[in-house]
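Colleague: What follows is the file input-v3.cif, containing mmCIF, C-alpha atoms:
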data_model
#
loop_
_atom_site.label_atom_id
_atom_site.label_comp_id
_atom_site.auth_asym_id
_atom_site.auth_seq_id
_atom_site.Cartn_x
_atom_site.Cartn_y
_atom_site.Cartn_z
CA MET S 52 14.50 8.36 2.32
CA LYS S 53 11.16 6.62 2.78
CA GLN S 54 9.33 5.04 -0.12
CA ILE S 55 6.90 7.20 -2.08
CA HIS S 56 4.08 5.75 -4.19
CA CYS S 57 2.01 7.92 -6.55
CA PHE S 58 -0.93 6.72 -8.63
CA LEU S 59 -1.99 8.51 -11.82
CA LEU S 60 -4.91 7.28 -13.90
CA LEU S 61 -4.14 7.58 -17.62
CA GLY S 62 -6.98 5.96 -19.56
CA CYS S 63 -6.81 2.30 -18.61
CA PHE S 64 -3.25 2.51 -17.24
CA VAL S 65 -1.93 3.14 -13.77
CA VAL S 66 1.51 4.69 -13.55
CA VAL S 67 3.42 3.83 -10.39
CA LEU S 68 6.29 6.13 -9.50
CA HIS S 69 8.61 4.52 -7.00
CA SER S 70 11.47 6.40 -5.32
CA VAL S 71 13.83 4.60 -2.97
CA HIS S 72 17.13 6.18 -1.91
CA SER S 73 17.18 8.33 -5.07
CA GLN S 74 16.55 5.30 -7.32
CA HIS S 75 13.48 5.82 -9.54
CA LYS S 76 11.35 3.13 -11.10
CA ILE S 77 8.27 3.49 -13.29
CA LYS S 78 5.90 0.55 -13.69
CA LEU S 79 2.95 0.55 -16.09
CA LEU S 80 0.05 -1.62 -14.98
CA ASN S 81 -2.82 -2.41 -17.34
CA VAL S 82 -5.83 -2.06 -15.03
CA GLN S 83 -9.31 -2.18 -16.47
CA SER S 84 -11.00 -0.48 -13.51
CA GLY S 85 -10.43 0.31 -9.87
CA VAL S 86 -7.21 1.15 -8.07
CA PHE S 87 -4.12 -1.03 -8.17
CA TRP S 88 -2.82 -1.42 -4.64
CA ALA S 89 0.99 -1.57 -4.40
CA SER S 90 2.57 -2.91 -1.22
CA ASP S 91 5.39 -1.10 0.57
CA LYS S 92 6.95 -4.55 0.99
CA GLU S 93 9.56 -5.59 -1.53
CA ASN S 94 9.18 -9.07 -3.00
CA LYS S 95 12.81 -9.98 -2.34
CA LYS S 96 12.30 -13.36 -0.70
CA LYS S 97 11.73 -15.91 -3.42
CA LEU S 98 10.14 -19.28 -2.94
CA PRO S 99 12.82 -21.93 -2.38
CA ILE S 100 11.18 -24.28 -4.93
CA THR S 101 9.79 -23.03 -8.24
CA LYS S 102 9.87 -26.11 -10.48
CA GLY S 103 6.29 -26.97 -11.41
CA LEU S 104 4.88 -23.82 -9.78
CA MET S 105 1.67 -22.83 -11.58
CA VAL S 106 0.03 -20.40 -9.18
CA ASP S 107 1.36 -17.99 -6.56
CA LEU S 108 -1.37 -15.77 -5.15
CA ASN S 109 0.27 -13.45 -2.64
CA ALA S 110 -1.96 -10.92 -0.86
CA ASP S 111 0.98 -8.48 -0.67
CA PHE S 112 1.11 -8.10 -4.45
CA GLY S 113 -1.08 -7.88 -7.53
CA ILE S 114 -4.33 -6.82 -5.87
CA THR S 115 -6.79 -4.48 -7.59
CA VAL S 116 -9.47 -2.97 -5.34
CA ASP S 117 -12.38 -0.57 -5.82
CA SER S 118 -13.20 2.44 -3.69
CA SER S 119 -14.86 0.17 -1.10
CA ASN S 120 -11.75 -2.03 -0.73
CA ARG S 121 -13.43 -4.86 -2.65
CA ILE S 122 -11.07 -6.96 -4.78
CA SER S 123 -11.76 -7.15 -8.51
CA SER S 124 -8.52 -8.92 -9.46
CA TRP S 125 -5.74 -10.94 -7.82
CA GLU S 126 -2.75 -11.43 -10.13
CA ASN S 127 -0.80 -14.67 -10.29
CA GLN S 128 2.83 -13.89 -9.40
CA VAL S 129 4.26 -16.71 -11.54
CA VAL S 130 5.70 -14.99 -14.61
CA GLU S 131 5.54 -16.24 -18.20
CA ASN S 132 2.55 -18.39 -17.32
CA GLU S 133 -0.76 -18.88 -19.14
CA ILE S 134 -2.57 -18.53 -15.82
CA ASP S 135 -3.01 -14.83 -15.19
CA ALA S 136 -5.45 -13.15 -12.80
CA PHE S 137 -8.26 -14.47 -10.63
CA VAL S 138 -11.09 -11.97 -11.09
CA LYS S 139 -14.51 -11.09 -9.71
CA GLN S 140 -17.58 -12.95 -10.96
CA ASP S 141 -20.91 -11.12 -11.03
CA GLU S 142 -22.80 -13.70 -13.07
CA GLY S 143 -25.47 -15.33 -10.93
CA ARG S 144 -25.33 -12.65 -8.24
CA THR S 145 -28.48 -10.63 -7.57
CA LEU S 146 -26.40 -7.76 -6.23
CA LYS S 147 -23.45 -6.93 -8.50
CA GLY S 148 -20.16 -6.83 -6.61
CA SER S 149 -21.45 -8.84 -3.64
CA GLY S 150 -19.13 -11.70 -4.58
CA MET S 151 -15.97 -9.61 -4.25
CA PRO S 152 -13.70 -10.39 -1.25
CA ARG S 153 -11.87 -7.62 0.63
CA LEU S 154 -8.24 -6.83 1.35
CA LYS S 155 -6.98 -6.75 4.94
CA LYS S 156 -3.58 -5.03 5.19
CA ASN S 157 -0.70 -5.55 7.61
CA VAL S 158 -2.13 -8.41 9.69
CA PRO S 159 -0.04 -8.59 12.92
CA GLU S 160 -0.42 -12.38 13.27
CA LEU S 161 1.12 -12.77 9.80
CA ASN S 162 4.27 -10.74 10.51
CA GLY S 163 2.53 -7.76 8.94
CA HIS S 164 1.57 -9.46 5.68
CA ASN S 165 -1.82 -8.97 4.04
CA ALA S 166 -4.76 -11.31 3.68
CA VAL S 167 -7.83 -11.58 1.46
CA ILE S 168 -11.10 -11.90 3.40
CA PHE S 169 -13.83 -14.11 1.95
CA HIS S 170 -17.44 -14.24 3.12
CA ARG S 171 -18.92 -16.79 0.70
CA GLN S 172 -17.25 -14.92 -2.17
CA GLU S 173 -14.94 -15.95 -5.00
CA LEU S 174 -12.33 -14.99 -7.58
CA VAL S 175 -12.25 -16.94 -10.85
CA ASN S 176 -9.46 -17.75 -13.27
CA HIS S 177 -11.10 -18.03 -16.69
CA ASN S 178 -8.55 -20.39 -18.26
CA GLU S 179 -10.88 -23.33 -18.78
CA ASP S 180 -8.32 -26.12 -19.25
CA ALA S 181 -5.12 -24.98 -17.53
CA PHE S 182 -5.65 -27.15 -14.43
CA ASP S 183 -7.15 -30.28 -16.01
CA HIS S 184 -3.95 -32.31 -15.79
CA LEU S 185 -3.75 -32.07 -11.98
CA THR S 186 -6.27 -34.89 -11.58
CA LYS S 187 -5.41 -36.76 -14.80
CA GLY S 188 -2.03 -38.08 -13.68
CA SER S 189 0.42 -35.23 -13.07
CA GLY S 190 -0.32 -35.09 -9.37
CA PHE S 191 -0.07 -31.85 -7.40
CA THR S 192 0.93 -30.09 -4.22
CA TRP S 193 -0.91 -27.00 -3.03
CA PHE S 194 -0.29 -24.75 -0.03
CA ALA S 195 -2.65 -22.29 1.67
CA ILE S 196 -1.92 -19.81 4.46
CA ILE S 197 -5.47 -19.65 5.73
CA SER S 198 -7.67 -18.64 8.66
CA ILE S 199 -11.11 -20.15 9.10
CA TYR S 200 -14.05 -18.20 10.51
CA ASP S 201 -17.33 -19.61 11.78
CA GLN S 202 -19.17 -20.98 8.75
CA VAL S 203 -22.56 -19.92 7.46
CA ILE S 204 -24.14 -23.19 6.44
CA GLY S 205 -24.96 -23.63 2.77
CA LYS S 206 -24.50 -27.16 1.47
CA PRO S 207 -23.78 -29.10 4.69
CA GLY S 208 -20.14 -30.06 5.21
CA VAL S 209 -18.69 -28.43 2.07
CA ASN S 210 -17.66 -24.77 2.66
CA ALA S 211 -15.03 -24.94 -0.09
CA PHE S 212 -12.10 -22.50 -0.26
CA PHE S 213 -10.90 -23.51 -3.72
CA GLY S 214 -11.66 -25.90 -6.56
CA ASN S 215 -11.87 -26.46 -10.29
CA LEU S 216 -14.86 -28.79 -10.37
CA ARG S 217 -16.62 -29.23 -13.67
CA ASN S 218 -19.92 -27.39 -14.11
CA THR S 219 -21.90 -30.57 -14.67
CA ASN S 220 -25.11 -28.65 -14.02
CA ILE S 221 -24.40 -26.64 -17.22
CA ASP S 222 -23.05 -29.17 -19.72
CA LYS S 223 -24.87 -32.20 -18.22
CA LYS S 224 -21.68 -34.25 -18.55
CA GLY S 225 -19.31 -35.76 -16.02
CA GLU S 226 -19.85 -35.68 -12.27
CA TYR S 227 -18.33 -32.41 -11.01
CA GLU S 228 -14.79 -33.77 -11.40
CA GLY S 229 -11.66 -31.89 -10.33
CA VAL S 230 -9.67 -31.01 -7.22
CA TRP S 231 -11.09 -29.13 -4.24
CA ALA S 232 -10.80 -28.45 -0.51
CA GLY S 233 -12.85 -26.88 2.25
CA VAL S 234 -13.91 -27.06 5.88
CA SER S 235 -16.67 -28.97 7.61
CA ASP S 236 -19.45 -27.14 9.43
CA GLU S 237 -17.37 -27.75 12.59
CA ASN S 238 -14.25 -26.24 10.93
CA GLN S 239 -12.39 -29.47 10.23
CA ILE S 240 -10.25 -29.10 7.11
CA TRP S 241 -10.93 -31.57 4.32
CA ILE S 242 -9.34 -32.10 0.92
CA GLY S 243 -10.52 -34.13 -2.04
CA ALA S 244 -10.54 -34.95 -5.72
CA ARG S 245 -13.30 -36.25 -7.98
CA ASN S 246 -12.95 -38.50 -11.05
CA ALA S 247 -16.50 -38.48 -12.51
CA LEU S 248 -16.92 -42.27 -12.24
CA GLU S 249 -19.65 -42.12 -9.61
CA LYS S 250 -22.47 -39.84 -8.51
CA GLY S 251 -22.73 -38.42 -5.02
CA LEU S 252 -20.67 -36.25 -2.68
CA TRP S 253 -18.22 -38.52 -0.82
CA HIS S 254 -17.27 -42.05 -1.88
CA LYS S 255 -14.28 -44.06 -3.17
CA ASN S 256 -14.19 -41.99 -6.38
CA SER S 257 -14.47 -38.76 -4.41
CA PRO S 258 -12.54 -39.32 -1.16
CA HIS S 259 -13.22 -37.10 1.83
CA VAL S 260 -9.80 -36.67 3.46
CA LEU S 261 -10.82 -35.08 6.75
CA ALA S 262 -8.64 -33.67 9.55
CA PRO S 263 -9.37 -35.41 12.87
CA GLU S 264 -9.70 -32.14 14.81
CA PRO S 265 -11.25 -28.75 14.00
CA LEU S 266 -9.12 -25.66 13.49
CA LYS S 267 -9.31 -22.78 15.94
CA SER S 268 -11.43 -19.99 14.54
CA GLU S 269 -9.54 -16.92 13.24
CA GLN S 270 -6.10 -18.47 13.74
CA TYR S 271 -3.77 -18.80 10.75
CA TYR S 272 -2.55 -22.21 9.59
CA LEU S 273 -0.54 -23.69 6.74
CA ILE S 274 -2.72 -26.25 4.96
CA ILE S 275 -1.22 -28.58 2.33
CA GLY S 276 -2.79 -31.03 -0.08
CA LYS S 277 -0.66 -33.47 -2.04
CA MET S 278 -1.53 -36.12 -4.61
CA GLU S 279 1.02 -38.47 -6.14
CA SER S 280 1.43 -38.74 -9.91
CA GLY S 281 0.46 -41.68 -12.06
CA GLN S 282 -2.59 -43.76 -12.95
CA GLY S 283 -4.61 -46.13 -10.82
CA ASN S 284 -5.01 -45.60 -7.08
CA VAL S 285 -2.62 -42.89 -5.88
CA PRO S 286 -2.18 -41.42 -2.37
CA LEU S 287 -3.95 -38.15 -1.51
CA GLU S 288 -2.57 -36.59 1.69
CA LEU S 289 -3.49 -33.71 4.00
CA PHE S 290 -0.91 -31.79 6.08
CA ILE S 291 -1.29 -28.98 8.62
CA ASN S 292 1.73 -26.82 9.55
CA SER S 293 4.26 -29.65 9.06
CA ASP S 294 5.46 -32.37 6.70
CA LYS S 295 3.66 -35.11 8.63
CA PRO S 296 0.37 -36.14 6.96
CA ILE S 297 -2.58 -36.14 9.35
CA ALA S 298 -5.05 -37.86 7.01
CA SER S 299 -4.89 -39.69 3.70
CA ALA S 300 -6.85 -41.77 1.20
CA LYS S 301 -6.41 -43.43 -2.18
CA PHE S 302 -7.73 -41.66 -5.27
CA PRO S 303 -8.54 -43.58 -8.48
CA VAL S 304 -7.06 -41.41 -11.25
CA SER S 305 -8.96 -41.30 -14.55
CA GLU S 306 -7.74 -39.64 -17.77
CA LYS S 307 -11.34 -39.20 -18.92
CA VAL S 308 -12.11 -36.29 -16.59
CA ASN S 309 -12.68 -32.72 -17.76
CA PRO S 310 -12.48 -30.25 -14.86
CA SER S 311 -13.18 -26.55 -15.33
CA LYS S 312 -11.96 -23.12 -14.19
CA MET S 313 -9.99 -22.73 -10.96
CA VAL S 314 -11.75 -20.66 -8.33
CA ILE S 315 -10.50 -19.24 -5.03
CA GLY S 316 -13.25 -19.00 -2.40
CA GLN S 317 -15.56 -21.76 -3.63
CA GLU S 318 -15.55 -25.17 -5.31
CA ARG S 319 -16.14 -24.07 -8.93
CA ASP S 320 -17.47 -21.24 -11.06
CA ALA S 321 -20.89 -21.88 -9.56
CA THR S 322 -22.98 -19.27 -11.35
CA ASN S 323 -26.15 -21.26 -10.64
CA TYR S 324 -25.84 -20.67 -6.88
CA PRO S 325 -22.80 -18.53 -6.06
CA GLY S 326 -21.69 -18.63 -2.44
CA PHE S 327 -23.80 -21.65 -1.49
CA GLU S 328 -20.84 -24.02 -1.11
CA SER S 329 -18.27 -21.35 -0.20
CA PHE S 330 -16.30 -20.70 2.96
CA ASP S 331 -15.85 -17.83 5.40
CA GLY S 332 -12.23 -17.05 6.17
CA ALA S 333 -9.00 -15.41 5.03
CA ILE S 334 -6.22 -16.44 2.63
CA ALA S 335 -2.80 -14.75 2.69
CA ARG S 336 -0.96 -17.01 0.24
CA PHE S 337 -2.02 -19.77 -2.12
CA LEU S 338 0.37 -21.92 -4.18
CA ILE S 339 -0.24 -24.72 -6.67
CA TYR S 340 2.51 -27.00 -8.05
CA ASP S 341 1.57 -29.41 -10.82
CA ARG S 342 3.66 -32.18 -9.32
CA PRO S 343 3.89 -33.96 -5.97
CA LEU S 344 6.81 -32.37 -4.13
CA ALA S 345 9.38 -34.80 -2.78
CA ASN S 346 9.93 -34.68 0.96
CA ASN S 347 13.02 -32.46 0.72
CA ASP S 348 11.27 -29.90 -1.50
CA LEU S 349 8.11 -30.08 0.60
CA ASN S 350 10.11 -29.33 3.73
CA LYS S 351 11.81 -26.32 2.15
CA VAL S 352 8.50 -24.71 1.16
CA ILE S 353 6.93 -25.46 4.55
CA LYS S 354 9.84 -23.86 6.43
CA TYR S 355 9.75 -20.81 4.16
CA LEU S 356 5.99 -20.26 4.55
CA ASN S 357 5.92 -20.93 8.30
CA LYS S 358 8.73 -18.44 8.90
CA THR S 359 7.34 -15.83 6.51
CA TYR S 360 3.83 -15.90 7.96
CA ASN S 361 4.61 -16.68 11.62
CA ILE S 362 2.91 -20.07 11.59
CA LYS S 363 3.66 -22.00 14.76
#
Would you give me this structure, written as structure tokens?
Modeller:
Amino acid sequence: MKQIHCFLLLGCFVVVLHSVHSQHKIKLLNVQSGVFWASDKENKKKLPITKGLMVDLNADFGITVDSSNRISSWENQVVENEIDAFVKQDEGRTLKGSGMPRLKKNVPELNGHNAVIFHRQELVNHNEDAFDHLTKGSGFTWFAIISIYDQVIGKPGVNAFFGNLRNTNIDKKGEYEGVWAGVSDENQIWIGARNALEKGLWHKNSPHVLAPEPLKSEQYYLIIGKMESGQGNVPLELFINSDKPIASAKFPVSEKVNPSKMVIGQERDATNYPGFESFDGAIARFLIYDRPLANNDLNKVIKYLNKTYNIK
């Protein structure tokens, strides 16, 4: 018997009735507005490494869309975690809803998995301090299944696809510290971190770890950023599709930093000019671990993601 999904709006709840081979499941989802989209895929395949996993944004699950297929919420799939959903941000936008990305279902190049399409748009997690420790000594490893489109130039060379940089323009403190990544205007991937010890865009306290070659437009890749734990100068490495780093730099870790909210689609919760430093592209999966994965663990996650999403 094929799967049947029914959606009934009861106040602020969505009731999902799921029938598979005469087995019946009822799931209550607390949805403030819009329609919760439930995938026909079953989330049976678990990540091979979960220790230190803070964020798992999976475009097959946890997406809430409106009637125009615009995403208002993307739920973190890590359970029992203080980091919940990444949600739309209208503040600073002249046209309400213009910052909402869209859902693209059943992408053939991704073995039929879904992707979230960003055109200088963003989703914000409003936990102000949950990610601060990433650049204060814990180290990190993040993974993105991502496709880059041609960029619309805002701030030259930035085009960020995630970050938790401090809103220095608001509190007038620090120097936009945090972790971030993006693509150059020529579609070269870059990763970085900032420690607030120096002004300016790229320098020794804000290394610009840049891929030597541009990515092909509208092709999916596995991008990985990894920073070692500890104080002092620690390695910051960039990987594409494999466990061999293609670029690296040293990052001077400082415990005095105070990053802000984590944002998917741009470098920070930039309500003063939303979309100006954002990227154009698609993200199918985004993971953050709050530790540097050892080579064996790194390899396991890479193999899992490459196989799952048909990354060559």
Colleague: Let me know the residues the PyMOL selection byres ((chain S and resi 240) around 9) catches in the file above, as a list in words.
Modeller: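 Checked against the file, the PyMOL selection byres ((chain S and resi 240) around 9) matches Ala232, Gly233, Val234, Ser235, Asn238, Gln239, Trp241, Ile242, Val260, Leu261, Ala262, Pro263, Glu264, Pro265, Leu266, Ile274 and Leu289 of chain S.
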Colleague: Tell me, as a list in words, which residues lie within 9 Å of Asn256 (chain S), counting all atoms listed in the file; anything in the same chain fewer than 5 positions away does not count.
Modeller: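 The contact residues come out as Ala244, Arg245, Asn246, Ala247, Leu248, Glu249, Lys250, Lys301, Phe302, Pro303 and Val304 of chain S.
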Colleague: Could you list, as an mmCIF file with C-alpha atoms, keeping the file's coordinate frame, every residue within 10 Å of Ser329 (chain S), counting only C-alpha atoms and ignoring same-chain residues fewer than 4 positions away?
Modeller:
data_model
loop_
_atom_site.group_PDB
_atom_site.id
_atom_site.type_symbol
_atom_site.label_atom_id
_atom_site.label_comp_id
_atom_site.auth_asym_id
_atom_site.auth_seq_id
_atom_site.Cartn_x
_atom_site.Cartn_y
_atom_site.Cartn_z
ATOM 1 C CA PHE S 169 -13.830 -14.110 1.950
ATOM 2 C CA HIS S 170 -17.440 -14.240 3.120
ATOM 3 C CA ARG S 171 -18.920 -16.790 0.700
ATOM 4 C CA GLN S 172 -17.250 -14.920 -2.170
ATOM 5 C CA GLU S 173 -14.940 -15.950 -5.000
ATOM 6 C CA GLN S 202 -19.170 -20.980 8.750
ATOM 7 C CA VAL S 203 -22.560 -19.920 7.460
ATOM 8 C CA ILE S 204 -24.140 -23.190 6.440
ATOM 9 C CA GLY S 205 -24.960 -23.630 2.770
ATOM 10 C CA LYS S 206 -24.500 -27.160 1.470
ATOM 11 C CA VAL S 209 -18.690 -28.430 2.070
ATOM 12 C CA ASN S 210 -17.660 -24.770 2.660
ATOM 13 C CA ALA S 211 -15.030 -24.940 -0.090
ATOM 14 C CA PHE S 212 -12.100 -22.500 -0.260
ATOM 15 C CA PHE S 213 -10.900 -23.510 -3.720
ATOM 16 C CA GLY S 233 -12.850 -26.880 2.250
ATOM 17 C CA VAL S 234 -13.910 -27.060 5.880
ATOM 18 C CA ILE S 315 -10.500 -19.240 -5.030
ATOM 19 C CA GLY S 316 -13.250 -19.000 -2.400
ATOM 20 C CA GLN S 317 -15.560 -21.760 -3.630
ATOM 21 C CA GLU S 318 -15.550 -25.170 -5.310
ATOM 22 C CA ARG S 319 -16.140 -24.070 -8.930
ATOM 23 C CA ALA S 321 -20.890 -21.880 -9.560
ATOM 24 C CA PRO S 325 -22.800 -18.530 -6.060
#
Colleague: As an exercise, work out the distance from CA of Ile199 (chain S) to CA of Asn178 (chain S) in Å and give it to one decimal place.
Modeller: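 Taking CA of Ile199 (chain S) and CA of Asn178 (chain S), their separation equals 27.5 Å.
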Colleague: Nearest to Asn357 (chain S): which of S:Asn284, S:Ser198, S:Ser293, S:Ser189 is it, counting all atoms listed in the file?
Modeller: S:Ser293
Colleague: Using only C-alpha atoms, can you tell me which of S:Ile168, S:Val314, S:Leu161, S:Val116 comes closest to Trp231 (chain S)?
Modeller: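 That would be S:Val314, the residue with the smallest distance to Trp231 (chain S).
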Colleague: Grab the CA of Lys96 (chain S) to CA of Asp117 (chain S) distance for me, in Å with one decimal place.
Modeller: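 Atom-to-atom, CA of Lys96 (chain S) to CA of Asp117 (chain S), that is 28.3 Å.
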Colleague: Might you spell out which residues the PyMOL selection byres ((chain S and resi 174) around 9) would select in the displayed file, as a PyMOL selection string?
Modeller: chain S and resi 122-125+136-140+150-152+172-173+175-176+313-317+320
Colleague: Using the chain letters and numbering of this document, enumerate as a ChimeraX atom specification the residues selected by the PyMOL selection byres ((chain S and resi 351) around 12).
Modeller: /S:97-101,293-294,344-350,352-358
Colleague: Keeping only C-alpha atoms, write those residues as a CSV table (one decimal), in the frame of the given file.
Modeller:
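Done, and the output landed in result_8.csv:
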chain,number,residue,atom,x,y,z
S,97,LYS,CA,11.7,-15.9,-3.4
S,98,LEU,CA,10.1,-19.3,-2.9
S,99,PRO,CA,12.8,-21.9,-2.4
S,100,ILE,CA,11.2,-24.3,-4.9
S,101,THR,CA,9.8,-23.0,-8.2
S,293,SER,CA,4.3,-29.6,9.1
S,294,ASP,CA,5.5,-32.4,6.7
S,344,LEU,CA,6.8,-32.4,-4.1
S,345,ALA,CA,9.4,-34.8,-2.8
S,346,ASN,CA,9.9,-34.7,1.0
S,347,ASN,CA,13.0,-32.5,0.7
S,348,ASP,CA,11.3,-29.9,-1.5
S,349,LEU,CA,8.1,-30.1,0.6
S,350,ASN,CA,10.1,-29.3,3.7
S,352,VAL,CA,8.5,-24.7,1.2
S,353,ILE,CA,6.9,-25.5,4.6
S,354,LYS,CA,9.8,-23.9,6.4
S,355,TYR,CA,9.8,-20.8,4.2
S,356,LEU,CA,6.0,-20.3,4.6
S,357,ASN,CA,5.9,-20.9,8.3
S,358,LYS,CA,8.7,-18.4,8.9
Colleague: Distance CA of Asp111 (chain S)-CA of Pro343 (chain S), one decimal place?
Modeller: 26.2 Å
Colleague: Closest to Asn309 (chain S) among S:Asn218, S:Asn165, S:Asn109, S:Gln128, using only C-alpha atoms?
Modeller: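 Among S:Asn218, S:Asn165, S:Asn109, S:Gln128, it is S:Asn218 that comes nearest to Asn309 (chain S).
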Colleague: My list of candidates is S:Met278, S:Leu338, S:Ile291, S:Val230. Which is closest to Phe182 (chain S) when distances are computed with all atoms listed in the file?
Modeller: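 Smallest distance to Phe182 (chain S) is found for S:Val230.
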Colleague: So which one's closest to Ala298 (chain S), S:Pro159, S:Asp222, S:Gly243, S:Leu252? Using only C-alpha atoms, please.
Modeller: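 Residue with the minimum atom-to-atom distance to Ala298 (chain S): S:Gly243.
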Colleague: Near Lys277 (chain S), counting all atoms listed in the file, which residues have an atom at most 9 Å away, once you skip same-chain residues fewer than 3 positions from it, shown as a list in words?
Modeller: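 After dropping sequence-adjacent residues, the list is Gly190, Phe191, Thr192, Trp193, Phe194, Pro286, Leu287, Glu288, Leu289, Phe290, Arg342, Pro343 and Leu344 of chain S.
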Colleague: Please provide as JSON, numbers by chain all residues within 10 Å of Val308 (chain S), with the sequence filter that same-chain residues fewer than 3 positions apart are discarded (counting all atoms listed in the file).
Modeller: {"S": [183, 184, 186, 187, 217, 224, 225, 226, 227, 228, 229, 245, 246, 247, 248, 304, 305, 311]}
Colleague: Which residues, written as an MDAnalysis selection string, have at least one atom at most 7 Å from Arg336 (chain S), with all atoms listed in the file counted and residues fewer than 2 positions away on the same chain left out?
Modeller: chainID S and resid 108:110 195:196 334 338
